[in-house]
>>> print(open('my_file_33.txt').read())   # compact mmCIF, C-alpha atoms and all ligand atoms
# COMPACT_ATOMS: atom_id res chain seq x y z
CA MET A 1 0.00 0.00 0.00
CA SER A 2 1.20 3.51 -0.78
CA TYR A 3 2.24 5.97 1.91
CA LEU A 4 -0.69 8.23 1.05
CA THR A 5 -3.82 7.07 -0.73
CA LEU A 6 -6.70 9.25 -1.84
CA HIS A 7 -9.56 6.99 -2.81
CA ALA A 8 -12.56 8.29 -4.79
CA LEU A 9 -12.20 11.59 -2.98
CA LYS A 10 -15.04 13.99 -3.64
CA LYS A 11 -16.03 17.45 -2.45
CA THR A 12 -19.36 19.08 -3.05
CA TYR A 13 -19.68 22.46 -1.34
CA PRO A 14 -22.98 23.35 0.37
CA ASN A 15 -23.84 25.60 -2.61
CA GLY A 16 -23.89 22.53 -4.86
CA ILE A 17 -20.54 23.09 -6.59
CA THR A 18 -18.58 19.87 -6.93
CA ALA A 19 -15.00 21.10 -6.74
CA VAL A 20 -13.32 17.67 -6.63
CA LYS A 21 -14.75 14.68 -8.46
CA ASP A 22 -13.78 11.19 -7.32
CA ILE A 23 -10.03 11.62 -7.27
CA ASP A 24 -7.79 8.55 -6.95
CA LEU A 25 -4.14 9.18 -6.18
CA GLU A 26 -1.30 7.25 -4.57
CA ILE A 27 1.82 8.94 -3.25
CA GLU A 28 4.97 7.24 -1.99
CA ARG A 29 6.96 8.25 1.08
CA GLY A 30 9.44 11.00 0.28
CA GLU A 31 7.86 12.02 -3.01
CA PHE A 32 7.51 15.64 -4.10
CA VAL A 33 4.19 15.73 -5.93
CA VAL A 34 2.82 18.83 -7.61
CA LEU A 35 -0.89 19.42 -8.24
CA LEU A 36 -1.02 21.54 -11.37
CA GLY A 37 -4.04 23.01 -13.07
CA PRO A 38 -5.86 26.22 -13.98
CA SER A 39 -7.65 28.43 -11.49
CA GLY A 40 -10.73 26.76 -10.02
CA CYS A 41 -9.79 23.17 -10.91
CA GLY A 42 -9.93 22.02 -7.29
CA LYS A 43 -6.29 22.12 -6.15
CA THR A 44 -6.83 24.05 -2.91
CA THR A 45 -9.97 22.07 -2.11
CA THR A 46 -7.97 18.84 -2.41
CA LEU A 47 -5.24 20.16 -0.09
CA ARG A 48 -7.77 21.43 2.43
CA MET A 49 -9.46 18.03 2.56
CA LEU A 50 -6.05 16.46 3.20
CA ALA A 51 -5.33 18.95 5.97
CA GLY A 52 -8.76 18.40 7.51
CA LEU A 53 -9.86 22.00 6.93
CA GLU A 54 -12.63 20.92 4.59
CA GLU A 55 -15.04 18.06 5.20
CA VAL A 56 -14.83 15.20 2.72
CA THR A 57 -18.12 14.56 0.88
CA LYS A 58 -17.21 11.02 -0.20
CA GLY A 59 -14.15 8.80 -0.40
CA SER A 60 -11.20 8.28 1.90
CA ILE A 61 -7.70 9.46 2.80
CA VAL A 62 -5.22 6.98 4.24
CA LEU A 63 -1.85 8.28 5.47
CA ASP A 64 0.87 5.87 6.58
CA GLY A 65 -1.64 3.10 7.20
CA ARG A 66 -4.10 5.26 9.14
CA ASP A 67 -7.50 6.37 7.84
CA ILE A 68 -7.49 10.11 8.54
CA THR A 69 -10.57 11.00 6.45
CA HIS A 70 -12.57 12.27 9.40
CA LEU A 71 -9.88 13.17 11.91
CA PRO A 72 -9.59 16.76 13.13
CA PRO A 73 -6.62 18.69 11.61
CA ARG A 74 -4.51 18.51 14.82
CA GLN A 75 -4.54 14.73 14.83
CA ARG A 76 -3.42 14.28 11.23
CA ASP A 77 0.26 15.08 11.61
CA ILE A 78 0.22 17.23 8.47
CA SER A 79 1.71 20.70 8.03
CA MET A 80 0.45 23.26 5.56
CA ILE A 81 1.95 26.41 4.05
CA PHE A 82 -0.47 28.83 2.48
CA GLN A 83 -0.05 31.39 -0.26
CA SER A 84 -0.60 34.35 2.04
CA TYR A 85 -0.41 34.97 5.78
CA ALA A 86 2.34 32.43 5.74
CA VAL A 87 3.92 33.86 8.90
CA TRP A 88 2.49 35.67 11.89
CA PRO A 89 3.53 39.33 11.81
CA HIS A 90 3.32 39.89 15.58
CA MET A 91 5.85 37.17 16.40
CA THR A 92 9.58 37.17 15.78
CA VAL A 93 11.01 34.67 13.35
CA ALA A 94 12.09 32.41 16.21
CA GLU A 95 8.63 32.61 17.82
CA ASN A 96 7.00 31.83 14.49
CA VAL A 97 9.06 28.69 14.05
CA ALA A 98 8.62 27.68 17.70
CA TYR A 99 4.87 28.22 17.88
CA PRO A 100 3.65 24.89 16.44
CA LEU A 101 6.18 23.09 18.64
CA LYS A 102 4.76 24.84 21.73
CA LEU A 103 1.28 23.73 20.66
CA ARG A 104 2.64 20.19 20.62
CA LYS A 105 3.88 20.67 24.17
CA MET A 106 7.49 20.07 23.26
CA GLN A 107 10.04 20.88 26.02
CA LYS A 108 11.50 24.39 25.97
CA SER A 109 15.11 23.28 25.51
CA ASP A 110 14.11 20.92 22.68
CA ILE A 111 12.19 23.72 20.99
CA ALA A 112 15.21 26.04 21.12
CA ALA A 113 17.44 23.35 19.61
CA LYS A 114 14.92 22.55 16.88
CA VAL A 115 14.53 26.23 15.98
CA GLN A 116 18.32 26.54 15.60
CA ASP A 117 18.40 23.39 13.48
CA VAL A 118 15.76 24.35 10.94
CA ALA A 119 16.94 27.96 10.88
CA LYS A 120 20.30 26.71 9.71
CA VAL A 121 18.77 24.52 6.98
CA CYS A 122 16.55 27.39 5.82
CA LYS A 123 19.33 29.99 6.12
CA ILE A 124 17.40 32.28 8.47
CA SER A 125 19.69 31.98 11.52
CA ASP A 126 20.64 35.65 11.23
CA TYR A 127 17.06 36.87 11.39
CA LEU A 128 15.66 34.90 14.33
CA ASP A 129 15.02 38.04 16.41
CA ARG A 130 13.45 40.06 13.62
CA TYR A 131 9.78 40.45 12.88
CA PRO A 132 8.45 39.30 9.50
CA GLY A 133 7.85 42.93 8.53
CA GLN A 134 11.62 43.44 8.64
CA LEU A 135 12.28 40.66 6.12
CA SER A 136 12.13 40.41 2.34
CA GLY A 137 9.40 38.33 0.71
CA GLY A 138 11.78 35.47 0.01
CA GLN A 139 13.11 35.46 3.58
CA ARG A 140 9.53 35.42 4.90
CA GLN A 141 8.70 32.37 2.80
CA ARG A 142 11.83 30.66 4.11
CA VAL A 143 10.53 31.29 7.64
CA ALA A 144 7.22 29.68 6.65
CA VAL A 145 9.12 26.68 5.30
CA ALA A 146 11.23 26.50 8.47
CA ARG A 147 8.09 26.50 10.61
CA ALA A 148 6.58 23.67 8.56
CA LEU A 149 9.83 21.70 8.67
CA ALA A 150 10.24 22.08 12.42
CA VAL A 151 7.19 19.99 13.23
CA ASN A 152 8.52 17.08 11.23
CA SER A 153 5.06 16.05 10.10
CA LYS A 154 4.17 13.02 8.03
CA LEU A 155 3.09 15.18 5.12
CA SER A 156 3.87 18.71 4.02
CA LEU A 157 1.23 20.60 2.03
CA MET A 158 2.07 23.81 0.19
CA ASP A 159 -0.58 25.90 -1.55
CA GLU A 160 1.08 28.25 -4.04
CA PRO A 161 3.69 29.30 -1.47
CA LEU A 162 5.67 31.28 -4.04
CA SER A 163 2.87 33.21 -5.69
CA ASN A 164 3.38 36.40 -3.69
CA LEU A 165 7.00 36.67 -4.73
CA ASP A 166 8.32 38.49 -7.77
CA ALA A 167 9.53 36.41 -10.71
CA LYS A 168 13.20 36.34 -9.76
CA LEU A 169 12.60 35.53 -6.12
CA ARG A 170 10.16 32.79 -7.09
CA VAL A 171 12.88 31.00 -8.94
CA SER A 172 15.39 31.31 -6.11
CA VAL A 173 12.96 30.17 -3.39
CA ARG A 174 11.95 27.31 -5.67
CA THR A 175 15.56 26.15 -5.88
CA PHE A 176 15.72 26.43 -2.11
CA LEU A 177 12.61 24.25 -1.74
CA LYS A 178 14.15 21.64 -3.95
CA GLU A 179 17.33 21.62 -1.86
CA ILE A 180 15.29 21.32 1.33
CA HIS A 181 13.40 18.41 -0.10
CA ARG A 182 16.63 16.70 -1.07
CA THR A 183 18.00 17.02 2.45
CA THR A 184 14.85 16.24 4.45
CA GLY A 185 13.04 13.82 2.13
CA ALA A 186 9.72 15.15 3.48
CA THR A 187 6.71 13.84 1.58
CA THR A 188 5.33 16.98 -0.04
CA ILE A 189 2.27 17.98 -2.04
CA PHE A 190 2.78 21.35 -3.68
CA VAL A 191 0.02 23.22 -5.49
CA THR A 192 0.61 25.63 -8.35
CA HIS A 193 -0.95 26.80 -11.59
CA ASP A 194 2.52 27.62 -12.91
CA GLN A 195 3.70 24.80 -15.14
CA SER A 196 7.32 25.86 -15.15
CA GLU A 197 7.34 25.76 -11.33
CA ALA A 198 5.67 22.35 -11.43
CA MET A 199 8.16 20.93 -13.90
CA ALA A 200 11.14 22.30 -11.98
CA LEU A 201 10.06 20.88 -8.63
CA ALA A 202 8.10 17.71 -9.11
CA ASP A 203 9.04 14.07 -8.87
CA ARG A 204 5.56 13.59 -10.27
CA ILE A 205 3.02 16.04 -11.61
CA VAL A 206 -0.73 15.60 -11.21
CA VAL A 207 -2.53 17.62 -13.88
CA MET A 208 -6.01 18.61 -12.73
CA ASN A 209 -8.89 20.00 -14.74
CA GLU A 210 -12.42 20.77 -13.55
CA GLY A 211 -12.13 18.72 -10.40
CA SER A 212 -10.67 15.63 -12.06
CA ILE A 213 -7.18 14.28 -12.65
CA GLU A 214 -6.19 14.51 -16.32
CA GLN A 215 -2.81 12.83 -16.06
CA VAL A 216 -0.19 11.78 -13.51
CA GLY A 217 3.43 11.42 -14.55
CA SER A 218 6.99 12.66 -14.51
CA THR A 219 7.77 16.03 -16.03
CA ARG A 220 8.95 14.27 -19.18
CA GLU A 221 5.78 12.20 -19.50
CA ILE A 222 3.47 15.12 -18.84
CA TYR A 223 5.30 17.33 -21.32
CA ASN A 224 6.17 14.94 -24.13
CA GLU A 225 3.46 12.34 -23.88
CA CYS A 226 0.41 14.41 -23.05
CA GLY A 227 -2.34 11.88 -22.42
CA SER A 228 -5.12 14.32 -23.13
CA LEU A 229 -5.79 17.31 -25.30
CA PHE A 230 -6.15 19.40 -22.15
CA THR A 231 -2.62 18.58 -21.01
CA ALA A 232 -1.23 19.31 -24.48
CA GLN A 233 -2.96 22.70 -24.44
CA PHE A 234 -1.95 23.49 -20.88
CA MET A 235 1.72 22.53 -20.87
CA GLY A 236 4.44 24.51 -22.62
CA THR A 237 5.23 28.15 -23.26
CA PRO A 238 4.05 28.69 -25.90
CA PRO A 239 1.79 25.62 -25.73
CA ALA A 240 1.55 22.95 -28.42
CA ASN A 241 0.11 23.92 -31.80
CA ILE A 242 -3.22 22.16 -31.94
CA GLN A 243 -5.41 21.67 -34.95
CA LYS A 244 -8.40 19.57 -35.94
CA VAL A 245 -7.40 17.70 -39.09
CA VAL A 246 -8.33 14.77 -41.30
CA ILE A 247 -5.58 12.24 -42.02
CA HIS A 248 -5.22 11.52 -45.76
CA ALA A 249 -3.31 8.73 -47.44
CA GLU A 250 -2.26 9.73 -50.95
CA GLY A 251 -0.25 7.10 -52.70
CA ALA A 252 2.67 6.28 -50.46
CA GLN A 253 2.37 9.48 -48.49
CA LEU A 254 0.41 10.63 -45.45
CA PHE A 255 -0.94 14.15 -45.01
CA ALA A 256 -3.02 16.08 -42.50
CA LYS A 257 -5.60 18.47 -43.95
CA ALA A 258 -7.92 20.92 -42.34
CA LYS A 259 -11.55 19.89 -42.79
CA GLU A 260 -12.80 23.41 -43.14
CA GLY A 261 -11.07 26.61 -44.08
CA SER A 262 -7.90 26.67 -46.10
CA GLN A 263 -7.59 23.53 -48.21
CA ALA A 264 -4.49 24.83 -49.89
CA PHE A 265 -2.09 23.67 -47.23
CA SER A 266 -1.77 20.05 -46.39
CA LEU A 267 0.81 19.04 -43.86
CA TYR A 268 3.06 16.25 -45.04
CA LEU A 269 3.49 13.75 -42.22
CA GLY A 270 5.67 11.07 -43.80
CA LEU A 271 5.59 7.84 -45.75
CA THR A 272 2.57 5.62 -45.15
CA GLU A 273 4.77 2.59 -44.85
CA ALA A 274 6.82 4.15 -42.08
CA LEU A 275 3.78 5.29 -40.11
CA PRO A 276 1.37 2.35 -39.84
CA GLY A 277 -0.28 3.78 -36.73
CA MET A 278 -1.17 7.02 -38.49
CA ALA A 279 -2.05 5.25 -41.73
CA ARG A 280 -4.76 3.33 -39.88
CA LEU A 281 -6.41 6.67 -39.15
CA ALA A 282 -6.74 7.63 -42.82
CA GLY A 283 -10.07 9.35 -43.46
CA LYS A 284 -10.57 10.02 -39.76
CA GLU A 285 -10.83 13.38 -38.08
CA VAL A 286 -8.41 13.88 -35.17
CA PHE A 287 -6.75 16.63 -33.17
CA LEU A 288 -3.11 17.01 -34.11
CA ALA A 289 -0.68 18.58 -31.65
CA VAL A 290 2.93 19.57 -32.25
CA ARG A 291 5.16 21.42 -29.81
CA PRO A 292 6.76 24.61 -31.17
CA GLU A 293 10.26 23.31 -30.45
CA ASN A 294 9.63 20.09 -32.37
CA ILE A 295 9.36 21.89 -35.70
CA ARG A 296 12.48 22.47 -37.80
CA VAL A 297 12.73 25.23 -40.32
CA SER A 298 14.60 24.94 -43.62
CA SER A 299 14.77 26.78 -46.96
CA PRO A 300 11.69 26.15 -49.09
CA ARG A 301 11.91 22.73 -50.71
CA GLY A 302 8.44 22.09 -52.07
CA VAL A 303 7.05 20.49 -48.93
CA ASN A 304 5.19 22.11 -46.02
CA GLU A 305 6.02 25.56 -47.33
CA THR A 306 4.81 28.61 -45.53
CA THR A 307 5.65 32.25 -44.84
CA VAL A 308 6.96 33.76 -41.63
CA GLU A 309 4.48 36.34 -40.37
CA ILE A 310 5.96 37.40 -37.05
CA VAL A 311 9.40 37.01 -35.47
CA GLU A 312 9.64 37.24 -31.68
CA PRO A 313 13.25 37.18 -30.43
CA GLN A 314 13.59 35.98 -26.81
CA GLY A 315 17.34 35.86 -26.45
CA ALA A 316 17.82 32.16 -25.76
CA TYR A 317 15.29 31.28 -28.45
CA THR A 318 13.18 32.86 -31.17
CA ILE A 319 9.48 32.33 -31.84
CA LEU A 320 8.32 32.38 -35.45
CA VAL A 321 4.63 32.74 -36.18
CA THR A 322 3.22 31.31 -39.39
CA THR A 323 0.00 29.85 -40.78
CA VAL A 324 -0.38 26.10 -41.01
CA LEU A 325 -3.62 24.46 -42.15
CA GLY A 326 -5.38 27.79 -41.87
CA SER A 327 -4.36 28.43 -38.24
CA GLU A 328 -1.65 30.35 -36.49
CA TRP A 329 1.26 28.11 -35.48
CA LYS A 330 4.27 28.94 -33.39
CA ILE A 331 7.72 27.57 -34.02
CA MET A 332 10.54 27.80 -31.51
CA ILE A 333 14.08 28.07 -32.79
CA GLU A 334 17.11 27.87 -30.52
CA GLY A 335 19.17 31.03 -30.17
CA ASP A 336 18.92 34.16 -32.20
CA SER A 337 17.37 33.56 -35.60
CA ASP A 338 18.14 35.71 -38.62
CA THR A 339 14.82 34.68 -40.19
CA LYS A 340 12.94 37.76 -41.40
CA ILE A 341 9.24 38.51 -41.60
CA GLY A 342 8.01 37.42 -45.01
CA ALA A 343 10.66 34.71 -45.39
CA HIS A 344 9.63 31.58 -47.24
CA ILE A 345 10.36 28.44 -45.25
CA SER A 346 9.67 24.72 -45.20
CA LEU A 347 8.63 22.97 -42.00
CA ASP A 348 10.05 19.64 -40.91
CA ILE A 349 8.25 17.70 -38.23
CA ASP A 350 9.52 14.37 -37.01
CA PRO A 351 6.36 12.21 -36.96
CA ARG A 352 7.46 10.80 -33.59
CA ASN A 353 6.84 14.25 -32.16
CA ILE A 354 3.27 14.43 -33.40
CA MET A 355 0.56 13.74 -30.83
CA LEU A 356 -2.94 12.81 -32.03
CA TYR A 357 -6.14 12.98 -29.99
CA ASP A 358 -9.59 11.48 -30.38
CA THR A 359 -12.11 14.23 -31.19
CA GLU A 360 -14.74 12.69 -28.87
CA THR A 361 -12.83 11.52 -25.81
CA LYS A 362 -10.01 14.10 -26.22
CA LYS A 363 -7.63 11.33 -25.13
CA ARG A 364 -4.36 10.51 -26.87
CA ILE A 365 -4.54 8.02 -29.72
CA ASN A 366 -1.90 5.35 -29.26
CA LEU A 367 -0.12 5.07 -32.59
CA GLY A 368 1.77 1.98 -31.49
CA GLN A 369 4.97 2.89 -33.27
N1 LIG B 401 -16.06 27.53 0.21
C1 LIG B 401 -16.50 27.33 -1.04
N2 LIG B 401 -17.83 27.28 -1.30
C2 LIG B 401 -18.27 27.05 -2.55
N3 LIG B 401 -17.49 26.86 -3.62
C3 LIG B 401 -16.16 26.90 -3.43
C4 LIG B 401 -15.60 27.16 -2.14
N4 LIG B 401 -14.25 27.14 -2.25
C5 LIG B 401 -13.99 26.90 -3.55
N5 LIG B 401 -15.13 26.76 -4.27
C6 LIG B 401 -15.26 26.47 -5.70
O1 LIG B 401 -14.67 25.20 -5.95
C7 LIG B 401 -13.93 25.19 -7.15
C8 LIG B 401 -12.49 24.81 -6.86
O2 LIG B 401 -11.88 25.79 -6.06
P1 LIG B 401 -10.38 25.68 -5.54
O3 LIG B 401 -10.15 26.79 -4.61
O4 LIG B 401 -10.16 24.31 -5.04
O5 LIG B 401 -9.59 25.89 -6.90
P2 LIG B 401 -8.02 26.05 -7.17
O6 LIG B 401 -7.67 24.99 -8.15
O7 LIG B 401 -7.28 26.07 -5.89
O8 LIG B 401 -7.94 27.47 -7.91
P3 LIG B 401 -6.84 28.65 -7.80
O9 LIG B 401 -5.71 28.26 -8.71
O10 LIG B 401 -7.57 29.84 -8.33
O11 LIG B 401 -6.43 28.80 -6.37
C9 LIG B 401 -14.10 26.59 -7.75
O12 LIG B 401 -15.13 26.55 -8.68
C10 LIG B 401 -14.48 27.43 -6.55
O13 LIG B 401 -15.28 28.52 -6.94
MG MG B 402 -6.15 27.55 -4.90
>>> encode(input="my_file_33.txt", output="structure tokens", more="lines below")
Ligand SMILES: Nc1ncnc2c1ncn2[C@@H]1O[C@H](COP(=O)(O)OP(=O)(O)OP(=O)(O)O)[C@@H](O)[C@H]1O
Ligand SMILES: [Mg+2]
Amino acid sequence: MSYLTLHALKKTYPNGITAVKDIDLEIERGEFVVLLGPSGCGKTTTLRMLAGLEEVTKGSIVLDGRDITHLPPRQRDISMIFQSYAVWPHMTVAENVAYPLKLRKMQKSDIAAKVQDVAKVCKISDYLDRYPGQLSGGQRQRVAVARALAVNSKLSLMDEPLSNLDAKLRVSVRTFLKEIHRTTGATTIFVTHDQSEAMALADRIVVMNEGSIEQVGSTREIYNECGSLFTAQFMGTPPANIQKVVIHAEGAQLFAKAKEGSQAFSLYLGLTEALPGMARLAGKEVFLAVRPENIRVSSPRGVNETTVEIVEPQGAYTILVTTVLGSEWKIMIEGDSDTKIGAHISLDIDPRNIMLYDTETKKRINLGQ
């Protein structure tokens, strides 16, 4: 049995809104799991049910062999860091960190030692006598982390703990959290709607959408093998180019064509013989998704030709905008590109990088190749 099991967990609020729909999830001891999804998808509700701050409508939560579904928060041995009000402003840093230990009736000398310990790990030893108001945002969040660490709970929950920080600080506190996790091995569930944060931190990512789990997997799986159209649309900056197409077999070649709109452009996919999985879909309408960085650009050579409409330099990479199958597509090129607006180009897409989705279920079609 897993360290933490959520079984058919459901939350319907008194106003009738079902925020979490029958979630099943298993987490191993020591894992850093990130719940990722757009605003309103049920991330906070899930965490609050775990912490005991929200009553569970149906289902169960088992932590380290103990059913905690209906236990009061104090008895769950879980710590939680929130997005705001992470530290108490009227207490010094040391008092903040010590407070939960006092609640647990730990001995004074043990508390002092523990505070010193976690302060060292979280690099706040120099600020123990200050009040939170005298700290920077990043330092304050480190205090919140120190306080959560001090209690040594079975499970650490973090609800967007970095969202109040500016972009630069976010990245540095995120690195800090990763270091902390490496040294403490604390089982952690971290909530964010920021995919780059999720990818950077997670052992496993749980993608949520409208109260359900879309996909669970490593960063690589979630990014490169999106199991659903939602995940393909949600992950990536810019996200995958997605287009409803019909697969056509013409002689020995396979193409994708838009059903409506511009018929002029058909996207060459490859040789039928080499792509049996796609060939089986000939005549069928599917969603096609290609990540911007999986498209190569070459001089026009009679296949997949198009014109560059916009060039967006980003320093480390350049985004080209063009029209494919009647829709706007983005292409990501490494480094600084000398491609100019109006340039004629050909697009190369390795068929292995093409993801296809069923138009009804919106789930990935397994091409078996
Ligand atoms: N106390 C409540 N009563 C009724 N509905 C609620 C309550 N709290 C949240 N909801 C609703 O439940 C759904 C999920 O909310 P939740 O706060 O879990 O989302 P979230 O994924 O954490 O979003 P965000 O990224 O914006 O924090 C939303 O539709 C929200 O409006
Ligand atoms: Mg939330």
>>> residues_near_ligand(input="my_file_33.txt", ligand="ligand MG 402 (chain B)", cutoff="8 Å", atoms="all atoms listed in the file", output="VMD selection string")
chain A and resid 39 to 40 42 to 45 159 to 160 191 to 192
>>> residues_around(input="my_file_33.txt", residues="Asp117 (chain A)", least_positions_apart="2", cutoff="12 Å", atoms="all atoms listed in the file", output="ChimeraX atom specification")
/A:94,97-98,110-115,119-125,128,146-147,149-152
>>> residues_near_ligand(input="my_file_33.txt", ligand="ligand LIG 401 (chain B)", cutoff="12 Å", atoms="only C-alpha atoms and all ligand atoms", output="ChimeraX atom specification")
/A:10-21,35-49,53-55,82-84,158-161,163,190-195,207-213
>>> residues_around(input="my_file_33.txt", residues="Val286 (chain A)", least_positions_apart="6", cutoff="8 Å", atoms="all atoms listed in the file", output="number ranges by chain")
A: 244-247, 356-359
>>> closest_residue(input="my_file_33.txt", among="A:Lys259, A:Arg130, A:Lys102, A:His248", to="Ala279 (chain A)", atoms="all atoms listed in the file")
A:His248
>>> residues_around(input="my_file_33.txt", residues="Ile78 (chain A)", least_positions_apart="4", cutoff="8 Å", atoms="only C-alpha atoms", output="JSON, numbers by chain")
{"A": [51, 73, 153, 154, 155, 156, 157]}
>>> atom_distance(input="my_file_33.txt", atom1="CA of Leu101 (chain A)", atom2="CA of Asp203 (chain A)")
29.1 Å
>>> closest_residue(input="my_file_33.txt", among="A:Val173, A:Ile81, A:Val216, A:Leu162", to="Ile27 (chain A)", atoms="all atoms listed in the file")
A:Val216
>>> closest_residue(input="my_file_33.txt", among="A:Leu103, A:Leu135, A:Met1, A:Leu9", to="Leu63 (chain A)", atoms="all atoms listed in the file")
A:Met1
>>> atom_distance(input="my_file_33.txt", atom1="CA of Gly59 (chain A)", atom2="CA of Ile23 (chain A)")
8.5 Å
>>> residues_around(input="my_file_33.txt", residues="Ser136 (chain A)", least_positions_apart="5", cutoff="12 Å", atoms="all atoms listed in the file", output="MDAnalysis selection string")
chainID A and resid 124 127 130:131 141:143 164:166 169 173
>>> closest_residue(input="my_file_33.txt", among="A:Thr188, A:Gln116, A:Gln243, A:Asn353", to="Arg296 (chain A)", atoms="all atoms listed in the file")
A:Asn353
>>> build_atoms(input="my_file_33.txt", residues="region 20-38 of chain A", atoms="N, CA and C atoms", output="compact mmCIF listing (two decimals), in the coordinates of the input")
# COMPACT_ATOMS: atom_id res chain seq x y z
N VAL A 20 -14.21 18.82 -6.42
CA VAL A 20 -13.32 17.67 -6.63
C VAL A 20 -14.19 16.46 -6.89
N LYS A 21 -13.89 15.79 -8.03
CA LYS A 21 -14.75 14.68 -8.46
C LYS A 21 -14.02 13.34 -8.39
N ASP A 22 -14.29 12.57 -7.39
CA ASP A 22 -13.78 11.19 -7.32
C ASP A 22 -12.32 11.04 -7.71
N ILE A 23 -11.46 11.69 -6.98
CA ILE A 23 -10.03 11.62 -7.27
C ILE A 23 -9.39 10.38 -6.65
N ASP A 24 -8.61 9.66 -7.45
CA ASP A 24 -7.79 8.55 -6.95
C ASP A 24 -6.35 8.93 -7.14
N LEU A 25 -5.56 8.82 -6.07
CA LEU A 25 -4.14 9.18 -6.18
C LEU A 25 -3.34 8.44 -5.13
N GLU A 26 -2.18 7.93 -5.54
CA GLU A 26 -1.30 7.25 -4.57
C GLU A 26 0.05 7.95 -4.58
N ILE A 27 0.55 8.23 -3.39
CA ILE A 27 1.82 8.94 -3.25
C ILE A 27 2.75 8.12 -2.35
N GLU A 28 4.01 8.01 -2.78
CA GLU A 28 4.97 7.24 -1.99
C GLU A 28 5.68 8.12 -0.98
N ARG A 29 6.21 7.52 0.05
CA ARG A 29 6.96 8.25 1.08
C ARG A 29 8.14 8.97 0.44
N GLY A 30 8.29 10.24 0.78
CA GLY A 30 9.44 11.00 0.28
C GLY A 30 9.23 11.67 -1.07
N GLU A 31 8.09 11.41 -1.70
CA GLU A 31 7.86 12.02 -3.01
C GLU A 31 7.55 13.51 -2.92
N PHE A 32 7.92 14.24 -3.94
CA PHE A 32 7.51 15.64 -4.10
C PHE A 32 6.52 15.66 -5.26
N VAL A 33 5.25 15.80 -4.91
CA VAL A 33 4.19 15.73 -5.93
C VAL A 33 3.59 17.11 -6.11
N VAL A 34 3.40 17.52 -7.34
CA VAL A 34 2.82 18.83 -7.61
C VAL A 34 1.43 18.67 -8.23
N LEU A 35 0.44 19.34 -7.62
CA LEU A 35 -0.89 19.42 -8.24
C LEU A 35 -0.89 20.66 -9.12
N LEU A 36 -1.10 20.45 -10.40
CA LEU A 36 -1.02 21.54 -11.37
C LEU A 36 -2.33 21.64 -12.13
N GLY A 37 -2.82 22.86 -12.28
CA GLY A 37 -4.04 23.01 -13.07
C GLY A 37 -4.49 24.45 -13.03
N PRO A 38 -5.41 24.83 -13.91
CA PRO A 38 -5.86 26.22 -13.98
C PRO A 38 -6.67 26.62 -12.76
